[in-house]
4 protein chains.
Amino acid sequence: MCGIFGIHGHPDAVYLTELGLYSLQHRGQESAGIVSIDAAGNATAARRMGNVSDGMARELETLGGINAVGHTRYSTAGSSTIENAQPVLVRSRGGAITLAHNGNLVNASEVRHDLEEQGSIFATSNDSEVIVHLLAKSSADGPEHRVAEALRAAEGAFSLVIGLGTTMLAVRDPRGWRPLVMGRLGSATVFASETCALDIIGATVVRDVEPGEIVAVDETGVRSIHPFDAMERRQCVFEYVYFARPDSRVFGGSVDRARRALGRRLAAEHPAPGAELVFSVPDSSNSAALGFAEASRLPYELALIRNHYVGRTFIQPTQAGRDAKVKVKYNAVREILAGKSVVMVDDSIVRGTTTRGLVAMVRAAGARAVHMRVSSPPVTGPCYYGIDTPSREELIAARLTESEIAAHLGVDSLGYLSLDGMLNAVPDGPGGFCHACFSGDYPTAPPTDPDKLRFGCGC
Amino acid sequence: MCGIFGIHGHPDAVYLTELGLYSLQHRGQESAGIVSIDAAGNATAARRMGNVSDGMARELETLGGINAVGHTRYSTAGSSTIENAQPVLVRSRGGAITLAHNGNLVNASEVRHDLEEQGSIFATSNDSEVIVHLLAKSSADGPEHRVAEALRAAEGAFSLVIGLGTTMLAVRDPRGWRPLVMGRLGSATVFASETCALDIIGATVVRDVEPGEIVAVDETGVRSIHPFDAMERRQCVFEYVYFARPDSRVFGGSVDRARRALGRRLAAEHPAPGAELVFSVPDSSNSAALGFAEASRLPYELALIRNHYVGRTFIQPTQAGRDAKVKVKYNAVREILAGKSVVMVDDSIVRGTTTRGLVAMVRAAGARAVHMRVSSPPVTGPCYYGIDTPSREELIAARLTESEIAAHLGVDSLGYLSLDGMLNAVPDGPGGFCHACFSGDYPTAPPTDPDKLRFGCGC
Amino acid sequence: MCGIFGIHGHPDAVYLTELGLYSLQHRGQESAGIVSIDAAGNATAARRMGNVSDGMARELETLGGINAVGHTRYSTAGSSTIENAQPVLVRSRGGAITLAHNGNLVNASEVRHDLEEQGSIFATSNDSEVIVHLLAKSSADGPEHRVAEALRAAEGAFSLVIGLGTTMLAVRDPRGWRPLVMGRLGSATVFASETCALDIIGATVVRDVEPGEIVAVDETGVRSIHPFDAMERRQCVFEYVYFARPDSRVFGGSVDRARRALGRRLAAEHPAPGAELVFSVPDSSNSAALGFAEASRLPYELALIRNHYVGRTFIQPTQAGRDAKVKVKYNAVREILAGKSVVMVDDSIVRGTTTRGLVAMVRAAGARAVHMRVSSPPVTGPCYYGIDTPSREELIAARLTESEIAAHLGVDSLGYLSLDGMLNAVPDGPGGFCHACFSGDYPTAPPTDPDKLRFGCGC
Amino acid sequence: MCGIFGIHGHPDAVYLTELGLYSLQHRGQESAGIVSIDAAGNATAARRMGNVSDGMARELETLGGINAVGHTRYSTAGSSTIENAQPVLVRSRGGAITLAHNGNLVNASEVRHDLEEQGSIFATSNDSEVIVHLLAKSSADGPEHRVAEALRAAEGAFSLVIGLGTTMLAVRDPRGWRPLVMGRLGSATVFASETCALDIIGATVVRDVEPGEIVAVDETGVRSIHPFDAMERRQCVFEYVYFARPDSRVFGGSVDRARRALGRRLAAEHPAPGAELVFSVPDSSNSAALGFAEASRLPYELALIRNHYVGRTFIQPTQAGRDAKVKVKYNAVREILAGKSVVMVDDSIVRGTTTRGLVAMVRAAGARAVHMRVSSPPVTGPCYYGIDTPSREELIAARLTESEIAAHLGVDSLGYLSLDGMLNAVPDGPGGFCHACFSGDYPTAPPTDPDKLRFGCGC
């Protein structure tokens with residue numbers, strides 16, 4: 001997954017972008033980058049491995065940037081290198097092209113193959129570089145039409161912030177997989193993956209960039225086109241379930257409210273008779289657990305403590321790193337758990353490794369019974385649209401039945417929220433969402449070369 | 001503040017110490033260190049600025065350490081250098097001396113002056129170095145008696161883990177200011193500031209090191225002496241209020257349970273009529289806020305979201321750093337707050353800067369009324385015993401009345417927990433606690449040279 | 001200037017390349033890089049700013065490389081970034097393309113413009129990237145014919161080592177500006193800018209790659225084509241004068257012997273009557289000074305001592321850095337100079353800054369008279385073919401007459417070797433050399449955009 | 001070996017010290033440090049591993065230092081750590097003590113043992129720390145008398161620059177083993193190991209600090225005492241043979257002139273009939289080879305070329321590092337050597353490893369006969385006085401006869417300069433020199449614990 005940010009027309013563009021990236025850090029911790037663009041369209045990049053840090057903006061501060069594009073990225077296995085850090089910045093016929101991408105093209109291999117046949121060269125394994133090539137080749141008049149022409153062949157998920165000279169463009173694919181919001185700070189226009197990045201710089205939310213829309217901003221103002229064939233919306237429901245920050249709005253809805261509703265619905269579908277208290281796997285499940293507690297009239301407790309000095313399990317690139325980090329990351333509070341029948345709420349179960357460790361920890365702290373409740377359905381398939389889920393073989397729910405999973409985790413009972421329950425709980429549901437990883441209902445054909453995809457994905 | 005850790009008699013001593021330090025990271029993020037001690041008493045140190053990291057143990061892994069001592073430290077202004085990182089390691093007559101210190105000597109300047117008059121030299125501005133000199137000069141027989149003789153002149157707060165050759169010693173000053181717990185892992189003996197560091201390595205809690213006790217561990221086993229004159233206990237109540245991790249036990253009580261009780265008591269002393277919901281300033285106030293919500297039968301909400309990719313405000317060394325970080329650290333959830341009368345619970349107010357910023361943020365998110373509740377009394381004086389509180393002039397409650405503070409913070413009402421309320425809520429109260437920073441009742445004369453102290457403190 | 005290296009068919013390819021680059025370090029100290037290519041044609045790069053260092057090969061050692069390409073580079077002002085470090089490595093239709101370039105295309109801007117018009121994108125400001133694009137677009141059959149087709153449009157100086165899949169190619173432009181030699185180590189084939197890089201790995205010299213030749217090596221052996229229109233040789237005489245290492249052979253001749261002959265010729269053209277001793281500006285002028293001493297039957301002395309811990313003046317990117325480094329770099333030996341009339345021999349005078357400082361230093365050490373002798377003619381014009389000379393305005397001999405230069409330097413007499421003298425002294429002269437920077441006789445039209453060239457040059 | 005530097009009374013003290021250290025870099029490349037001392041006697045240190053670099057002074061530039069002390073150090077095996085980097089800086093009764101030491105105490109273990117018995121602690125394995133303890137304990141009146149009292153017990157080699165508050169002191173042991181010179185820059189006083197460090201900052205030489213002298217400089221001026229019992233001078237002849245820079249004066253004589261004389265004498269003692277040319281092992285043997293060529297009327301040639309981008313063999317800490325570096329460091333010039341009978345001059349042979357490799361390289365380049373000439377006698381014993389010679393077992397001349405050495409090296413003839421020849425060639429000889437490593441005539445008893453000494457030496 002990735003976070004993207006852009007600001008057009010502000011003298012502090014690079015510093016505001018750095019602040020915005022701090023807010024989008026949860027969307028990618030492997031590398032971060034900022035491109036500063038001055039009034040003449042000259043662009044300069046600062047990128048680094050790891051988290052956003054102060055030095056990044058400082059490196060660019062003397063360049064007079066009034067537009068800036070930023071990106072936070074997390075890796076897929078094997079491609080964790082500085083070459084793959086974004087934003088991409090290249091020189092082309094029309095001047096500098098800057099691009100920050102959240103999402104994944106499912107036909108990247110094919111398009112890349114075609115481009116290579118025409119003699120194009122690629123410096124990275126990113127599918128984002130494919131888009132940049134298409135942009136450079138497009139000969140349409142006007143930046144937004146160049147972008148439209150370039151993306152005609154692109155199939156899959158793409159929320160983009162693009163700099164073409166001094167014009168800044170924001171794009172969402174026709175299905176709207178990934179979020180992208182537009183804001184305003186004084187006379188400057190801002191784009192960001194989530195509204196929390198507008199909050200941190202004091203910008204106000206204007207509206208979502210719409211699925212299939214290309215917004216262009218230059219000195220003459222903001223304009224917009226909808227050049228793509230209309231398609232059914234397929235916004236990623238997992239943004240509500242897990243990925244986005246609870247203080248954000250995405251797809252027009254509040255993430256916190258969505259999770260509370262998921263938790264209440266979960267309590268209705270899978271009550272836990274005899275349970276004495278509810279707790280969450282912090283912090284992504286806090287809202288859902290609170291919703292469960294509220295609906296089931298059980299006390300909400302802080303039974304698991306998270307060590308804040310270690311990163312987020314889901315986004316560690318290798319299994320080895322993941323296991324070691326889990327051990328360091330949580331601890332159970334014996335005084336709360338000892339002798340109790342408890343409900344543990346998590347937002348999702350992917351491999352099951354972390355959950356199994358947590359259940360053991362909770363039992364070791366004295367819990368008498370552990371009822372596992374999950375505020376989303378079983379994850380049974382990989383995501384081809386930008387979330388770095390593991391391959392199908394590693395997904396516990398693709399291999400085991402629910403009762404086998406319960407046995408594997410060592411819980412007394414296990415309840416997953418139903419697909420219908422989930423889709424009815426989130427804002428603007430039940431239609432318009434992509435739930436392929438839960439339902440197998442993929443909106444596109446799978447990529448012909450899923451392995452390459454996983455190594456080549458732009459986010 | 002600092003975290004200390006020691007393990008005696010385990011082939012993985014350095015790795016277990018690294019794990020232990022991860023759990024004590026909240027007690028100090030400025031520097032970290034491990035000393036590995038082999039079966040012959042040879043000791044080698046690895047220290048670095050910043051957080052604990054894997055490389056630290058790896059640097060020592062080939063040395064055959066079976067004992068290890070670890071330390072996490074946070075700085076006082078001006079002395080944030082690698083020279084001050086602990087554990088201290090020196091060679092002396094009796095072999096290597098290793099020392100990890102949590103606390104502060106109030107007579108360090110005097111003792112240091114005496115030592116300098118005798119021709120001693122000092123490489124750091126740490127008061128911990130004073131203790132090491134005293135240890136090297138002590139000529140008593142037996143490690144624990146050497147430690148006892150060395151510490152006879154020391155006045156103030158000291159929890160210590162010491163390596164003298166292959167003997168490991170753990171000490172608490174007679175008033176017991178700082179916590180120190182003893183555990184067991186197989187046949188190995190473990191010491192740590194908090195029980196969470198035992199949990200992470202799978203060790204079991206044996207008991208607290210007692211105030212005034214010196215515990216010595218060597219190949220013959222564990223023995224203990226109580227060489228100091230008996231004094232009234234003065235355990236730091238701020239460990240319960242703010243400093244320790246909620247999953248720890250300190251001074252024999254559960255931190256989480258203590259904070260819940262503080263929150264309930266706060267609700268009883270300062271109800272908030274008309275309020276519609278309660279939320280905490282995450283994460284240190286979560287338990288207290290939950291206690292407040294429980295006692296006042298108001299819903300507990302997650303109205304402030306914390307960015308996990310930034311450190312802990314309280315322990316940033318400079319004001320400039322502190323302000324910038326606050327802005328990056330929290331965001332309010334409009335969907336929860338808009339139009340509501342709310343209770344915001346925090347564990348303490350020191351300078352008031354962060355609180356004031358949060359209140360403004362909560363109002364900007366639409367809160368109709370903000371009732372501030374604090375689960376401890378006003379902080380009116382500096383701590384001389386190991387917590388890096390600012391000077392009296394910077395403490396908002398030393399300068400302003402409660403109503404002036406309320407006005408400064410911009411809240412509709414403000415309620416601090418009373419001193420009696422706090423002392424009756426925490427485990428084993430009301431006697432036996434140091435509450436000098438709240439009450440002005442300092443158990444010792446203030447240090448003659450408090451400035452030097454602040455620069456010279458060992459933690 | 002740059003150094004290039006390639007080895008085909010050796011299990012220690014990356015380590016041998018690292019060794020080779022140590023020997024070519026004098027050709028570029030700003031960045032260094034190695035690309036490892038395995039038996040399947042997979043290529044991986046390690047590049048870094050600054051000098052070659054052990055870690056570079058170690059980074060690649062597990063990749064099973066049997067071919068490797070290496071590069072040392074020095075910067076032109078403004079483009080000292082890791083993006084410009086070579087070898088270039090891209091993916092294209094035909095697999096990985098690796099390229100190490102020494103030289104400069106004079107029509108890079110035009111070709112780049114054409115490529116951009118066709119929609120190509122550029123990640124760097126290197127003219128080497130232009131060649132890579134041409135390579136990717138070439139559709140000829142067989143690697144050497146692809147290279148030939150690609151370079152048809154290239155005008156200027158290029159010695160190249162190229163990896164196309166598992167084929168390695170070595171190319172020199174038809175005029176042969178930059179050196180490139182072929183060697184053999186067991187069954188492996190080696191290419192390098194100078195023979196000293198063959199010596200260090202124990203390889204034997206086979207022959208020069210000829211001007212206009214493309215040599216291709218694969219598992220079937222070595223083959224060669226001469227696809228370009230024949231042109232008059234224009235080998236860079238400055239390689240003999242200054243740039244190459246004295247223990248190397250370039251263009252088939254010994255650099256040491258060439259410099260000795262230049263020194264002898266200089267003594268014949270510009271004797272220094274009354275002088276008592278000769279010394280060099282170490283180390284590049286040592287051979288010439290020895291030749292001068294020999295021919296003039298004067299003692300050769302070590303009157304200037306160079307601090308070996310500082311780099312080579314000529315290749316520091318900025319003037320500020322250059323002045324500071326000069327001061328640190330040389331010292332005069334008073335015991336040799338005091339009261340003497342002396343001859344100071346240098347290989348060339350570019351800006352005059354260093355020389356002027358040295359003359360002052362020599363006088364301060366007591367020299368009675370200073371006779372400056374230069375073993376090449378006045379440098380009056382920039383090099384467009386790969387040597388980073390400054391712009392014409394900065395060249396002292398482009399602004400001042402010889403007597404003005406003598407006055408500016410503060411010498412008693414000044415003698416430059418004549419153009420004819422130089423060309424007759426070097427091996428295989430007087431024809432076949434480029435001496436444009438001395439004579440103004442440029443073999444090509446100057447680049448249309450010389451500024452861009454200086455920023456864009458590949459070496 | 002180490003280089004030391006001090007400057008008293010200059011507003012640019014730290015920058016001038018950095019410049020001075022650049023000139024003393026050849027005396028130690030393992031670590032470097034500067035201590036800045038302001039007008040109130042406050043002292044701050046910047047130290048780092050590796051070479052001197054710009055950042056070091058910059059780190060101290062805002063501190064208002066008007067005095068500064070600097071040090072370059074090379075390691076003995078096993079103690080290459082930042083803790084051992086100098087100058088030492090400690091706080092004591094009398095304020096800050098700063099110390100930079102070149103030399104070695106032979107009774108460091110005994111004195112240290114005594115100090116430990118009195119309860120002193122040691123942070124490093126440096127014998128320099130012993131001196132600092134003695135300084136702190138001294139209770140004499142006046143800085144120079146404190147220093148005199150402290151050093152009364154010290155036996156061995158010590159050239160020291162010391163800061164006590166705002167007084168700067170320079171000391172040489174009574175035998176005068178290590179050089180130390182005093183200079184003047186405007187009203188500032190400067191001390192340095194060699195005069196080349198005065199040259200670089202534009203200071204003039206005043207005189208040597210005399211053996212047994214303590215010079216003190218403060219705001220009242222320069223004064224001097226000679227408090228030690230008079231002893232026979234034992235200046236290190238190896239400084240002339242190898243260690244010092246040729247542009248320096250040490251012990252009142254020119255290093256370049258000394259080496260020229262050694263070379264001439266060598267030619268007289270060991271002519272090489274039939275030889276056609278002479279060359280040196282660059283750069284330390286250049287002067288001696290020139291002297292040999294001059295006296296034997298043979299041409300001086302540059303037959304070995306040294307790669308300037310690699311450090312100095314003699315001072316690499318481990319054998320592994322040494323061998324790898326030799327291979328990278330030299331190359332032979334075939335055009336000079338092929339078919340010739342040659343004289344190769346080196347200043348000394350220690351282990352023989354490098355020499356043997358060079359002889360093989362010279363033969364491989366075609367030399368018909370190789371006559372090895374060495375401008376000092378066989379090294380048969382370790383140095384206890386500050387030069388990091390290997391243990392006796394590793395010294396080739398301690399194990400083999402001259403004819404065995406010749407066979408081992410593979411030379412046609414081998415001639416070492418005689419002890420008498422060496423002592424009569426250097427300035428102010430033949431008396432007054434330490435030649436223990438050549439003659440076995442050690443001026444002191446060997447250290448009781450030579451191993452500890454080698455690990456513990458201060459330089």
# chains A, B, ... in the order shown; residues from 1 in each chain; ligands from 1
$ interface_residues --of "chain A" --to "chain B" --cutoff "7 Å" --atoms "only C-alpha atoms" --output "ChimeraX atom specification"
/A:200,247,254,305,308,328,331-333,335
$ write_last_selection --atoms "N, CA and C atoms" --output "PDB file, in the first residue's frame"
ATOM      1  N   ILE A 200      -3.587  17.758   9.132  1.00  0.00           N
ATOM      2  CA  ILE A 200      -2.303  18.096   9.750  1.00  0.00           C
ATOM      3  C   ILE A 200      -1.743  19.403   9.207  1.00  0.00           C
ATOM      4  N   ASP A 247      -9.158   8.558  12.116  1.00  0.00           N
ATOM      5  CA  ASP A 247      -9.536   9.974  12.078  1.00  0.00           C
ATOM      6  C   ASP A 247      -9.713  10.479  10.651  1.00  0.00           C
ATOM      7  N   SER A 254     -16.723   8.273   7.419  1.00  0.00           N
ATOM      8  CA  SER A 254     -15.785   8.301   8.535  1.00  0.00           C
ATOM      9  C   SER A 254     -15.280   6.896   8.836  1.00  0.00           C
ATOM     10  N   ILE A 305      -1.404  -4.457  25.586  1.00  0.00           N
ATOM     11  CA  ILE A 305      -0.655  -3.203  25.490  1.00  0.00           C
ATOM     12  C   ILE A 305       0.352  -3.340  24.351  1.00  0.00           C
ATOM     13  N   HIS A 308       4.939   0.987  21.524  1.00  0.00           N
ATOM     14  CA  HIS A 308       4.867   1.977  20.444  1.00  0.00           C
ATOM     15  C   HIS A 308       6.176   2.163  19.704  1.00  0.00           C
ATOM     16  N   VAL A 328       7.835  -8.705  20.232  1.00  0.00           N
ATOM     17  CA  VAL A 328       8.253  -7.471  20.901  1.00  0.00           C
ATOM     18  C   VAL A 328       7.091  -6.499  21.045  1.00  0.00           C
ATOM     19  N   ASN A 331       1.876  -6.985  24.858  1.00  0.00           N
ATOM     20  CA  ASN A 331       1.905  -7.667  26.155  1.00  0.00           C
ATOM     21  C   ASN A 331       0.492  -7.675  26.717  1.00  0.00           C
ATOM     22  N   ALA A 332       0.188  -8.694  27.494  1.00  0.00           N
ATOM     23  CA  ALA A 332      -1.146  -8.840  28.070  1.00  0.00           C
ATOM     24  C   ALA A 332      -1.146  -8.363  29.517  1.00  0.00           C
ATOM     25  N   VAL A 333      -2.302  -7.859  29.966  1.00  0.00           N
ATOM     26  CA  VAL A 333      -2.424  -7.366  31.335  1.00  0.00           C
ATOM     27  C   VAL A 333      -3.137  -8.419  32.178  1.00  0.00           C
ATOM     28  N   GLU A 335      -3.907  -8.597  35.285  1.00  0.00           N
ATOM     29  CA  GLU A 335      -4.909  -8.142  36.248  1.00  0.00           C
ATOM     30  C   GLU A 335      -6.289  -8.017  35.613  1.00  0.00           C
TER      31      GLU A 335
END
$ residues_around --residues "region 407-417 of chain D" --least-positions-apart "4" --cutoff "7 Å" --atoms "only C-alpha atoms" --output "PyMOL selection string"
chain D and resi 266+269-270+355-356+359+369-378+403+421-422
$ select_by_dssp --residues "region 64-249 of chain D" --states "strand (DSSP E or B)" --output "PyMOL selection string"
chain D and resi 67-73+88-92+95-105+122+156-164+167-172+181-185+188-192+204-208+214-218+221-225+235-236+249
$ residues_around --residues "Leu16 (chain D)" --least-positions-apart "2" --cutoff "12 Å" --atoms "only C-alpha atoms" --output "NGL selection string"
(:C and (328)) or (:D and (5-14 or 18-23 or 34 or 36 or 54 or 56-58 or 61 or 65-70 or 185 or 188-192 or 197-203))
$ residues_around --residues "Gly432 (chain C)" --least-positions-apart "4" --cutoff "8 Å" --atoms "only C-alpha atoms" --output "list of chain:residue names"
C:Glu232, C:Arg233, C:Arg234, C:Gln235, C:Asp428
$ write_last_selection --atoms "C-alpha atoms" --output "PDB file, in the first residue's frame"
ATOM      1  CA  GLU C 232      41.251   9.956 -38.816  1.00  0.00           C
ATOM      2  CA  ARG C 233      42.513   8.932 -35.399  1.00  0.00           C
ATOM      3  CA  ARG C 234      42.226  11.570 -32.720  1.00  0.00           C
ATOM      4  CA  GLN C 235      43.537   9.953 -29.578  1.00  0.00           C
ATOM      5  CA  ASP C 428      53.390   7.167 -32.507  1.00  0.00           C
TER       6      ASP C 428
END
$ residues_around --residues "Phe228 (chain A)" --least-positions-apart "2" --cutoff "10 Å" --atoms "only C-alpha atoms" --output "JSON, numbers by chain"
{"A": [148, 149, 151, 152, 173, 174, 211, 212, 213, 214, 225, 226, 230, 231]}
$ atom_distance --atom1 "CA of Tyr74 (chain B)" --atom2 "CA of Ala157 (chain B)"
16.3 Å
$ select_by_dssp --residues "region 195-267 of chain D" --states "helix (DSSP H, G or I)" --output "PDB file with C-alpha atoms, in the first residue's frame"
ATOM      1  CA  CYS D 196      55.264  20.356   8.759  1.00  0.00           C
ATOM      2  CA  ALA D 197      52.286  21.066  11.019  1.00  0.00           C
ATOM      3  CA  LEU D 198      53.644  24.552  11.661  1.00  0.00           C
ATOM      4  CA  ASP D 199      54.175  25.122   7.945  1.00  0.00           C
ATOM      5  CA  ILE D 200      50.591  24.334   7.050  1.00  0.00           C
ATOM      6  CA  ILE D 201      49.215  27.005   9.373  1.00  0.00           C
ATOM      7  CA  VAL D 237      66.377   7.338  14.966  1.00  0.00           C
ATOM      8  CA  PHE D 238      63.455   5.690  13.197  1.00  0.00           C
ATOM      9  CA  GLU D 239      61.798   9.091  12.893  1.00  0.00           C
ATOM     10  CA  TYR D 240      64.618  10.015  10.500  1.00  0.00           C
ATOM     11  CA  VAL D 241      64.650   6.643   8.774  1.00  0.00           C
ATOM     12  CA  TYR D 242      60.953   6.244   8.146  1.00  0.00           C
ATOM     13  CA  PHE D 243      58.360   7.874  10.271  1.00  0.00           C
ATOM     14  CA  VAL D 255      64.342  14.637   7.507  1.00  0.00           C
ATOM     15  CA  ASP D 256      64.929  14.918   3.769  1.00  0.00           C
ATOM     16  CA  ARG D 257      68.626  15.712   4.239  1.00  0.00           C
ATOM     17  CA  ALA D 258      68.958  12.861   6.741  1.00  0.00           C
ATOM     18  CA  ARG D 259      67.482  10.379   4.294  1.00  0.00           C
ATOM     19  CA  ARG D 260      69.645  11.622   1.429  1.00  0.00           C
ATOM     20  CA  ALA D 261      72.683  11.080   3.644  1.00  0.00           C
ATOM     21  CA  LEU D 262      71.476   7.609   4.617  1.00  0.00           C
ATOM     22  CA  GLY D 263      71.141   6.768   0.930  1.00  0.00           C
ATOM     23  CA  ARG D 264      74.591   8.035   0.076  1.00  0.00           C
ATOM     24  CA  ARG D 265      76.115   6.149   2.966  1.00  0.00           C
ATOM     25  CA  LEU D 266      74.240   3.013   1.915  1.00  0.00           C
ATOM     26  CA  ALA D 267      75.740   3.323  -1.581  1.00  0.00           C
TER      27      ALA D 267
END
$ atom_distance --atom1 "CA of Val181 (chain A)" --atom2 "CA of Leu60 (chain A)"
25.2 Å
$ residues_around --residues "Ala85 (chain A)" --least-positions-apart "3" --cutoff "9 Å" --atoms "only C-alpha atoms" --output "VMD selection string"
chain A and resid 30 to 33 47 to 49 71 to 73 80 to 82 88
$ write_last_selection --atoms "N, CA, C and O atoms" --output "mmCIF file, in the first residue's frame"
data_model
loop_
_atom_site.group_PDB
_atom_site.id
_atom_site.type_symbol
_atom_site.label_atom_id
_atom_site.label_comp_id
_atom_site.auth_asym_id
_atom_site.auth_seq_id
_atom_site.Cartn_x
_atom_site.Cartn_y
_atom_site.Cartn_z
ATOM 1 N N GLU A 30 8.303 1.786 4.087
ATOM 2 C CA GLU A 30 9.550 1.311 3.536
ATOM 3 C C GLU A 30 10.382 2.394 2.892
ATOM 4 O O GLU A 30 11.597 2.419 3.010
ATOM 5 N N SER A 31 9.743 3.307 2.189
ATOM 6 C CA SER A 31 10.494 4.421 1.629
ATOM 7 C C SER A 31 9.566 5.613 1.549
ATOM 8 O O SER A 31 8.352 5.476 1.632
ATOM 9 N N ALA A 32 10.161 6.773 1.412
ATOM 10 C CA ALA A 32 9.390 8.002 1.344
ATOM 11 C C ALA A 32 10.097 8.944 0.401
ATOM 12 O O ALA A 32 11.315 8.845 0.221
ATOM 13 N N GLY A 33 9.336 9.840 -0.209
ATOM 14 C CA GLY A 33 9.970 10.780 -1.128
ATOM 15 C C GLY A 33 9.137 12.012 -1.340
ATOM 16 O O GLY A 33 7.913 12.008 -1.148
ATOM 17 N N ARG A 47 14.538 11.304 -1.920
ATOM 18 C CA ARG A 47 13.901 10.039 -1.534
ATOM 19 C C ARG A 47 14.799 9.322 -0.553
ATOM 20 O O ARG A 47 15.999 9.477 -0.579
ATOM 21 N N ARG A 48 14.205 8.513 0.301
ATOM 22 C CA ARG A 48 15.043 7.695 1.190
ATOM 23 C C ARG A 48 14.304 6.443 1.638
ATOM 24 O O ARG A 48 13.087 6.371 1.606
ATOM 25 N N MET A 49 15.066 5.463 2.053
ATOM 26 C CA MET A 49 14.481 4.256 2.612
ATOM 27 C C MET A 49 13.962 4.594 4.004
ATOM 28 O O MET A 49 14.484 5.474 4.687
ATOM 29 N N HIS A 71 5.176 10.828 -1.392
ATOM 30 C CA HIS A 71 4.806 9.413 -1.467
ATOM 31 C C HIS A 71 5.388 8.665 -0.275
ATOM 32 O O HIS A 71 6.528 8.895 0.108
ATOM 33 N N THR A 72 4.593 7.798 0.328
ATOM 34 C CA THR A 72 5.130 6.814 1.276
ATOM 35 C C THR A 72 4.812 5.444 0.711
ATOM 36 O O THR A 72 3.739 5.222 0.183
ATOM 37 N N ARG A 73 5.737 4.527 0.841
ATOM 38 C CA ARG A 73 5.631 3.255 0.137
ATOM 39 C C ARG A 73 5.968 2.096 1.049
ATOM 40 O O ARG A 73 6.832 2.209 1.899
ATOM 41 N N SER A 80 12.775 -4.134 -2.162
ATOM 42 C CA SER A 80 12.907 -3.054 -1.207
ATOM 43 C C SER A 80 14.186 -2.269 -1.463
ATOM 44 O O SER A 80 15.165 -2.396 -0.755
ATOM 45 N N THR A 81 14.190 -1.465 -2.526
ATOM 46 C CA THR A 81 15.400 -0.717 -2.868
ATOM 47 C C THR A 81 15.061 0.727 -3.152
ATOM 48 O O THR A 81 13.925 1.061 -3.468
ATOM 49 N N ILE A 82 16.062 1.553 -3.066
ATOM 50 C CA ILE A 82 15.863 2.984 -3.266
ATOM 51 C C ILE A 82 15.415 3.279 -4.688
ATOM 52 O O ILE A 82 14.684 4.235 -4.936
ATOM 53 N N VAL A 88 8.252 8.953 -8.763
ATOM 54 C CA VAL A 88 9.080 8.834 -9.950
ATOM 55 C C VAL A 88 9.298 10.239 -10.510
ATOM 56 O O VAL A 88 8.397 11.079 -10.467
#
$ atom_distance --atom1 "CA of Pro443 (chain D)" --atom2 "CA of Val206 (chain D)"
28.9 Å
$ residues_around --residues "Leu115 (chain B)" --least-positions-apart "2" --cutoff "10 Å" --atoms "only C-alpha atoms" --output "PyMOL selection string"
(chain B and resi 109-113+117-122+130+133-134+137) or (chain D and resi 92-93)
